[in-house]
Amino acid sequence: MSGFNFNSMGFGPRAKRPDSESGTTSAEAAKLLSRGLKIRLLILAIFIVILIMIGQVVVITYPNQYVAVRQFGEVVRITTSAGISFKVPFIQSASALPKDVQHYDMPISDVITQDKKTMVADSFVMWRVSDPLAFIRKAAGSVTQAQTFVGNNSYNALKNVIGRLPQTEIISGRDTLAQQIFRELDNALDEYGLEMVAIETKHLDLPDDNKNAVYDRMISERNNIAAQYTAEGDEEARKIRTETDKTVNIQTSNALAQAAEAIAEGERQYMEILGDAYSNAAKAEFYSFVRALDSAKNSLRGDNKTLILGIDSPIAQIFYND
């Protein structure tokens, strides 16, 4: 065992390389590593420069945006359609403006009616940019500043409309109030490049401290109006009944007069016929005979068909007349 050498089997410590060989290998590796790192850094720098150039040249416009391109602070172009466009790098800049409808919730405020009553209004406004260039010039392209213009003009329109109406009319006609306010605004926002889409009143009510008193007064006024309508209806009904009774009386009187005339005319004709019938003996005898037959016929009623006449009866005289 004493002759066994671990180093000869490769298990012992390795022999050191010459210092000159070890130093040459490390320097070459360092050079290769440095060269590769520089190449990677160069590629990364080129990539970053390309991205910066693309960002400076390419302008992306989304469907819900306008894009304004400025050169030395002046607007040179406004893109209104979605897509990709280009600008001069480092000289021109691009900024986006909202194209879709914007919502502005107005602060709750007090308004005075025509009859000097206070009401509390809570409204909101829908608006959008209609003229991007005017919007930039008047509002500096700022949505916040645009909302200030929208809010001020909307509040003035709301105040003017309510100030021309009494409180009762506002409460009863609040469904049409938004339309009146919208008409009041008209084209007030055109100079700012803005368009009013809608204005709605979420809440329009009385202050809590006098709400009950106003409601009681309104109920009393409605009751008075109802009583007035009822009295006018009763008076109109009385006039109609009087006129109808008058018409009925006139028509009845005319009908009775016409009936009296007809009766008188009939009696006159009857007397003429009767006088003509008795104008000579033959006609008088025949007329008496016919009347006697009619009397006999009228006497034979029911099951009794027997006619008993005295000798001195006018009918018997007819039958027994030689």
# chains A, B, ... in the order shown; residues from 1 in each chain; ligands from 1
$ residues_around --residues "A:Lys117" --least-positions-apart "5" --cutoff "9 Å" --atoms "only C-alpha atoms" --output "list in words"
Val111, Ile112, Pro166, Gln167 and Leu206 of chain A
$ write_last_selection --atoms "C-alpha atoms" --output "PDB file, in the first residue's frame"
ATOM      1  CA  VAL A 111     -82.983  79.505  -8.071  1.00  0.00           C
ATOM      2  CA  ILE A 112     -85.672  82.177  -7.671  1.00  0.00           C
ATOM      3  CA  PRO A 166     -94.302  81.126 -11.202  1.00  0.00           C
ATOM      4  CA  GLN A 167     -93.605  78.320  -8.769  1.00  0.00           C
ATOM      5  CA  LEU A 206     -88.780  73.249  -2.615  1.00  0.00           C
TER       6      LEU A 206
END
$ closest_residue --among "A:Gly173, A:Gly233, A:Gly83, A:Pro89" --to "A:Pro63" --atoms "only C-alpha atoms"
A:Gly83
$ residues_around --residues "stretch 127-135 of chain A" --least-positions-apart "5" --cutoff "12 Å" --atoms "only C-alpha atoms" --output "PyMOL selection string"
chain A and resi 64-70+74-80+95-105+140-151+154+182+187+189-200
$ write_last_selection --atoms "C-alpha atoms" --output "PDB file, in the first residue's frame"
ATOM      1  CA  ASN A  64     -63.162  58.792 -29.630  1.00  0.00           C
ATOM      2  CA  GLN A  65     -60.496  61.479 -30.149  1.00  0.00           C
ATOM      3  CA  TYR A  66     -59.493  64.485 -32.164  1.00  0.00           C
ATOM      4  CA  VAL A  67     -55.748  65.004 -32.505  1.00  0.00           C
ATOM      5  CA  ALA A  68     -54.314  68.503 -32.843  1.00  0.00           C
ATOM      6  CA  VAL A  69     -50.817  68.846 -34.335  1.00  0.00           C
ATOM      7  CA  ARG A  70     -48.937  71.983 -33.248  1.00  0.00           C
ATOM      8  CA  GLU A  74     -49.626  77.031 -33.442  1.00  0.00           C
ATOM      9  CA  VAL A  75     -52.152  74.432 -34.591  1.00  0.00           C
ATOM     10  CA  VAL A  76     -51.241  73.327 -38.107  1.00  0.00           C
ATOM     11  CA  ARG A  77     -53.521  70.316 -38.472  1.00  0.00           C
ATOM     12  CA  ILE A  78     -56.442  68.617 -36.732  1.00  0.00           C
ATOM     13  CA  THR A  79     -57.108  64.960 -37.394  1.00  0.00           C
ATOM     14  CA  THR A  80     -60.770  63.982 -36.995  1.00  0.00           C
ATOM     15  CA  SER A  95     -52.283  66.310 -28.309  1.00  0.00           C
ATOM     16  CA  ALA A  96     -55.602  64.452 -28.057  1.00  0.00           C
ATOM     17  CA  LEU A  97     -58.997  66.095 -27.530  1.00  0.00           C
ATOM     18  CA  PRO A  98     -62.197  64.262 -26.497  1.00  0.00           C
ATOM     19  CA  LYS A  99     -64.591  63.508 -29.347  1.00  0.00           C
ATOM     20  CA  ASP A 100     -67.279  61.557 -27.499  1.00  0.00           C
ATOM     21  CA  VAL A 101     -70.090  62.983 -25.367  1.00  0.00           C
ATOM     22  CA  GLN A 102     -68.991  64.349 -21.998  1.00  0.00           C
ATOM     23  CA  HIS A 103     -71.014  64.424 -18.786  1.00  0.00           C
ATOM     24  CA  TYR A 104     -70.974  67.338 -16.346  1.00  0.00           C
ATOM     25  CA  ASP A 105     -72.868  67.148 -13.059  1.00  0.00           C
ATOM     26  CA  ALA A 140     -57.018  75.808 -24.459  1.00  0.00           C
ATOM     27  CA  GLY A 141     -58.188  72.267 -25.190  1.00  0.00           C
ATOM     28  CA  SER A 142     -58.920  71.756 -21.487  1.00  0.00           C
ATOM     29  CA  VAL A 143     -61.957  69.659 -20.532  1.00  0.00           C
ATOM     30  CA  THR A 144     -61.969  71.237 -17.072  1.00  0.00           C
ATOM     31  CA  GLN A 145     -62.146  74.747 -18.518  1.00  0.00           C
ATOM     32  CA  ALA A 146     -64.804  73.640 -21.001  1.00  0.00           C
ATOM     33  CA  GLN A 147     -66.914  72.289 -18.157  1.00  0.00           C
ATOM     34  CA  THR A 148     -66.658  75.682 -16.486  1.00  0.00           C
ATOM     35  CA  PHE A 149     -68.103  77.339 -19.593  1.00  0.00           C
ATOM     36  CA  VAL A 150     -70.803  74.670 -19.880  1.00  0.00           C
ATOM     37  CA  GLY A 151     -71.728  74.941 -16.208  1.00  0.00           C
ATOM     38  CA  SER A 154     -76.322  76.146 -18.231  1.00  0.00           C
ATOM     39  CA  PHE A 182     -82.207  73.816 -23.867  1.00  0.00           C
ATOM     40  CA  ASN A 187     -76.011  78.612 -29.563  1.00  0.00           C
ATOM     41  CA  LEU A 189     -71.498  77.561 -26.562  1.00  0.00           C
ATOM     42  CA  ASP A 190     -70.691  77.781 -30.280  1.00  0.00           C
ATOM     43  CA  GLU A 191     -67.894  80.304 -29.749  1.00  0.00           C
ATOM     44  CA  TYR A 192     -66.138  77.799 -27.462  1.00  0.00           C
ATOM     45  CA  GLY A 193     -66.390  75.035 -30.076  1.00  0.00           C
ATOM     46  CA  LEU A 194     -68.828  73.131 -27.855  1.00  0.00           C
ATOM     47  CA  GLU A 195     -72.222  71.622 -28.585  1.00  0.00           C
ATOM     48  CA  MET A 196     -74.928  71.048 -26.002  1.00  0.00           C
ATOM     49  CA  VAL A 197     -76.404  67.554 -26.344  1.00  0.00           C
ATOM     50  CA  ALA A 198     -78.887  67.552 -23.438  1.00  0.00           C
ATOM     51  CA  ILE A 199     -79.637  69.157 -20.116  1.00  0.00           C
ATOM     52  CA  GLU A 200     -81.779  67.393 -17.553  1.00  0.00           C
TER      53      GLU A 200
END
$ closest_residue --among "A:Thr201, A:Asp110, A:Val248, A:Val59" --to "A:Gly163" --atoms "only C-alpha atoms"
A:Asp110
$ closest_residue --among "A:Leu41, A:Ala29, A:Met119, A:Ile60" --to "A:Ile84" --atoms "only C-alpha atoms"
A:Ile60
$ closest_residue --among "A:Gly73, A:Ala27, A:Ala94, A:Ser81" --to "A:Gln56" --atoms "only C-alpha atoms"
A:Ala94
$ select_by_dssp --residues "stretch 85-232 of chain A" --states "alpha helix (DSSP H)" --output "compact mmCIF listing (two decimals) with N, CA and C atoms, in the first residue's frame"
# COMPACT_ATOMS: atom_id res chain seq x y z
N PRO A 132 -62.98 71.55 -32.88
CA PRO A 132 -61.74 71.39 -32.11
C PRO A 132 -60.86 72.65 -32.11
N LEU A 133 -60.81 73.35 -33.24
CA LEU A 133 -59.94 74.52 -33.32
C LEU A 133 -60.45 75.63 -32.39
N ALA A 134 -61.76 75.89 -32.40
CA ALA A 134 -62.32 76.89 -31.49
C ALA A 134 -62.17 76.45 -30.04
N PHE A 135 -62.30 75.16 -29.80
CA PHE A 135 -62.14 74.62 -28.45
C PHE A 135 -60.73 74.88 -27.93
N ILE A 136 -59.73 74.74 -28.81
CA ILE A 136 -58.34 74.97 -28.41
C ILE A 136 -58.11 76.46 -28.16
N ARG A 137 -58.66 77.30 -29.02
CA ARG A 137 -58.41 78.73 -28.90
C ARG A 137 -59.12 79.35 -27.70
N LYS A 138 -60.35 78.89 -27.43
CA LYS A 138 -61.15 79.50 -26.35
C LYS A 138 -60.96 78.80 -25.00
N ALA A 139 -60.76 77.49 -25.05
CA ALA A 139 -60.66 76.73 -23.79
C ALA A 139 -59.31 76.06 -23.63
N VAL A 143 -60.61 70.12 -20.86
CA VAL A 143 -61.96 69.66 -20.53
C VAL A 143 -62.46 70.36 -19.27
N THR A 144 -61.58 70.56 -18.31
CA THR A 144 -61.97 71.24 -17.07
C THR A 144 -62.46 72.65 -17.34
N GLN A 145 -61.73 73.38 -18.19
CA GLN A 145 -62.15 74.75 -18.52
C GLN A 145 -63.43 74.74 -19.33
N ALA A 146 -63.57 73.75 -20.22
CA ALA A 146 -64.80 73.64 -21.00
C ALA A 146 -66.01 73.38 -20.10
N GLN A 147 -65.82 72.55 -19.08
CA GLN A 147 -66.91 72.29 -18.16
C GLN A 147 -67.30 73.54 -17.38
N THR A 148 -66.34 74.41 -17.13
CA THR A 148 -66.66 75.68 -16.49
C THR A 148 -67.57 76.52 -17.36
N PHE A 149 -67.25 76.61 -18.67
CA PHE A 149 -68.10 77.34 -19.59
C PHE A 149 -69.49 76.70 -19.66
N VAL A 150 -69.53 75.38 -19.78
CA VAL A 150 -70.80 74.67 -19.88
C VAL A 150 -71.64 74.90 -18.62
N GLY A 151 -71.00 74.77 -17.46
CA GLY A 151 -71.73 74.94 -16.21
C GLY A 151 -72.28 76.35 -16.03
N ASN A 152 -71.47 77.37 -16.35
CA ASN A 152 -71.92 78.75 -16.19
C ASN A 152 -73.09 79.07 -17.11
N ASN A 153 -72.97 78.69 -18.38
CA ASN A 153 -74.04 78.98 -19.33
C ASN A 153 -75.32 78.20 -19.00
N SER A 154 -75.15 76.95 -18.57
CA SER A 154 -76.32 76.15 -18.23
C SER A 154 -77.03 76.71 -17.00
N TYR A 155 -76.28 77.13 -16.02
CA TYR A 155 -76.90 77.70 -14.82
C TYR A 155 -77.62 79.00 -15.15
N ASN A 156 -77.03 79.83 -16.01
CA ASN A 156 -77.69 81.08 -16.40
C ASN A 156 -79.00 80.79 -17.13
N ALA A 157 -78.98 79.79 -18.03
CA ALA A 157 -80.21 79.43 -18.75
C ALA A 157 -81.27 78.90 -17.79
N LEU A 158 -80.84 78.04 -16.85
CA LEU A 158 -81.77 77.51 -15.86
C LEU A 158 -82.37 78.63 -15.02
N LYS A 159 -81.53 79.56 -14.60
CA LYS A 159 -82.00 80.68 -13.77
C LYS A 159 -82.96 81.56 -14.55
N ASN A 160 -82.67 81.83 -15.83
CA ASN A 160 -83.54 82.70 -16.62
C ASN A 160 -84.91 82.07 -16.86
N VAL A 161 -84.91 80.78 -17.18
CA VAL A 161 -86.19 80.10 -17.45
C VAL A 161 -87.05 80.06 -16.19
N ILE A 162 -86.47 79.64 -15.09
CA ILE A 162 -87.25 79.54 -13.84
C ILE A 162 -87.66 80.93 -13.36
N GLY A 163 -86.83 81.94 -13.62
CA GLY A 163 -87.16 83.30 -13.20
C GLY A 163 -88.34 83.89 -13.94
N GLN A 167 -93.97 79.60 -9.38
CA GLN A 167 -93.61 78.32 -8.77
C GLN A 167 -94.60 77.21 -9.10
N THR A 168 -95.89 77.53 -9.08
CA THR A 168 -96.90 76.50 -9.36
C THR A 168 -96.77 75.96 -10.78
N GLU A 169 -96.47 76.83 -11.74
CA GLU A 169 -96.31 76.39 -13.13
C GLU A 169 -95.06 75.54 -13.30
N ILE A 170 -94.02 75.85 -12.57
CA ILE A 170 -92.79 75.05 -12.64
C ILE A 170 -93.04 73.64 -12.12
N ILE A 171 -93.76 73.55 -11.00
CA ILE A 171 -94.02 72.23 -10.41
C ILE A 171 -94.92 71.40 -11.31
N SER A 172 -95.95 72.02 -11.88
CA SER A 172 -96.89 71.28 -12.71
C SER A 172 -96.33 70.98 -14.10
N LEU A 177 -89.59 71.47 -18.67
CA LEU A 177 -88.62 72.48 -18.23
C LEU A 177 -87.28 72.31 -18.93
N ALA A 178 -86.83 71.07 -19.10
CA ALA A 178 -85.54 70.82 -19.76
C ALA A 178 -85.54 71.33 -21.19
N GLN A 179 -86.67 71.18 -21.89
CA GLN A 179 -86.75 71.68 -23.26
C GLN A 179 -86.64 73.20 -23.30
N GLN A 180 -87.28 73.87 -22.36
CA GLN A 180 -87.19 75.33 -22.31
C GLN A 180 -85.77 75.80 -22.00
N ILE A 181 -85.08 75.10 -21.10
CA ILE A 181 -83.70 75.47 -20.77
C ILE A 181 -82.80 75.24 -21.98
N PHE A 182 -83.02 74.13 -22.68
CA PHE A 182 -82.21 73.82 -23.87
C PHE A 182 -82.39 74.90 -24.94
N ARG A 183 -83.65 75.35 -25.14
CA ARG A 183 -83.90 76.43 -26.11
C ARG A 183 -83.27 77.74 -25.65
N GLU A 184 -83.26 77.97 -24.34
CA GLU A 184 -82.66 79.19 -23.80
C GLU A 184 -81.16 79.24 -24.08
N LEU A 185 -80.50 78.08 -24.02
CA LEU A 185 -79.05 78.03 -24.30
C LEU A 185 -78.76 78.38 -25.75
N LYS A 211 -91.65 73.69 2.40
CA LYS A 211 -92.28 72.76 1.46
C LYS A 211 -93.75 72.51 1.82
N ASN A 212 -94.03 72.23 3.09
CA ASN A 212 -95.40 71.93 3.50
C ASN A 212 -96.33 73.13 3.30
N ALA A 213 -95.82 74.31 3.64
CA ALA A 213 -96.65 75.51 3.48
C ALA A 213 -97.00 75.75 2.01
N VAL A 214 -96.05 75.52 1.13
CA VAL A 214 -96.31 75.72 -0.31
C VAL A 214 -97.31 74.68 -0.81
N TYR A 215 -97.15 73.44 -0.39
CA TYR A 215 -98.09 72.41 -0.82
C TYR A 215 -99.50 72.72 -0.34
N ASP A 216 -99.64 73.18 0.92
CA ASP A 216 -100.97 73.53 1.43
C ASP A 216 -101.58 74.68 0.63
N ARG A 217 -100.74 75.67 0.30
CA ARG A 217 -101.25 76.79 -0.49
C ARG A 217 -101.66 76.34 -1.89
N MET A 218 -100.90 75.45 -2.47
CA MET A 218 -101.25 74.95 -3.80
C MET A 218 -102.56 74.16 -3.76
N ILE A 219 -102.75 73.35 -2.71
CA ILE A 219 -104.00 72.58 -2.57
C ILE A 219 -105.18 73.54 -2.44
N SER A 220 -105.01 74.60 -1.63
CA SER A 220 -106.08 75.58 -1.47
C SER A 220 -106.40 76.28 -2.78
N GLU A 221 -105.37 76.64 -3.53
CA GLU A 221 -105.59 77.30 -4.82
C GLU A 221 -106.31 76.36 -5.79
N ARG A 222 -105.92 75.09 -5.80
CA ARG A 222 -106.59 74.14 -6.68
C ARG A 222 -108.06 73.95 -6.28
N ASN A 223 -108.32 73.93 -4.97
CA ASN A 223 -109.70 73.80 -4.51
C ASN A 223 -110.53 75.01 -4.94
N ASN A 224 -109.93 76.21 -4.84
CA ASN A 224 -110.64 77.41 -5.28
C ASN A 224 -110.93 77.37 -6.77
N ILE A 225 -109.96 76.91 -7.54
CA ILE A 225 -110.17 76.80 -8.99
C ILE A 225 -111.26 75.79 -9.29
N ALA A 226 -111.24 74.66 -8.56
CA ALA A 226 -112.27 73.64 -8.76
C ALA A 226 -113.66 74.17 -8.42
N ALA A 227 -113.75 74.94 -7.31
CA ALA A 227 -115.03 75.53 -6.92
C ALA A 227 -115.52 76.52 -7.97
N GLN A 228 -114.58 77.30 -8.53
CA GLN A 228 -114.96 78.25 -9.57
C GLN A 228 -115.47 77.53 -10.81
N TYR A 229 -114.78 76.46 -11.22
CA TYR A 229 -115.23 75.68 -12.37
C TYR A 229 -116.61 75.07 -12.11
N THR A 230 -116.83 74.58 -10.86
CA THR A 230 -118.12 73.99 -10.53
C THR A 230 -119.23 75.03 -10.61
N ALA A 231 -118.98 76.24 -10.06
CA ALA A 231 -119.98 77.31 -10.12
C ALA A 231 -120.27 77.71 -11.56
N GLU A 232 -119.22 77.83 -12.36
CA GLU A 232 -119.43 78.17 -13.77
C GLU A 232 -120.22 77.08 -14.49
$ atom_distance --atom1 "atom CA of A:Ser26" --atom2 "atom CA of A:Lys38"
18.4 Å
$ atom_distance --atom1 "atom CA of A:Phe289" --atom2 "atom CA of A:Arg268"
23.4 Å
$ atom_distance --atom1 "atom CA of A:Ser299" --atom2 "atom CA of A:Glu285"
21.1 Å
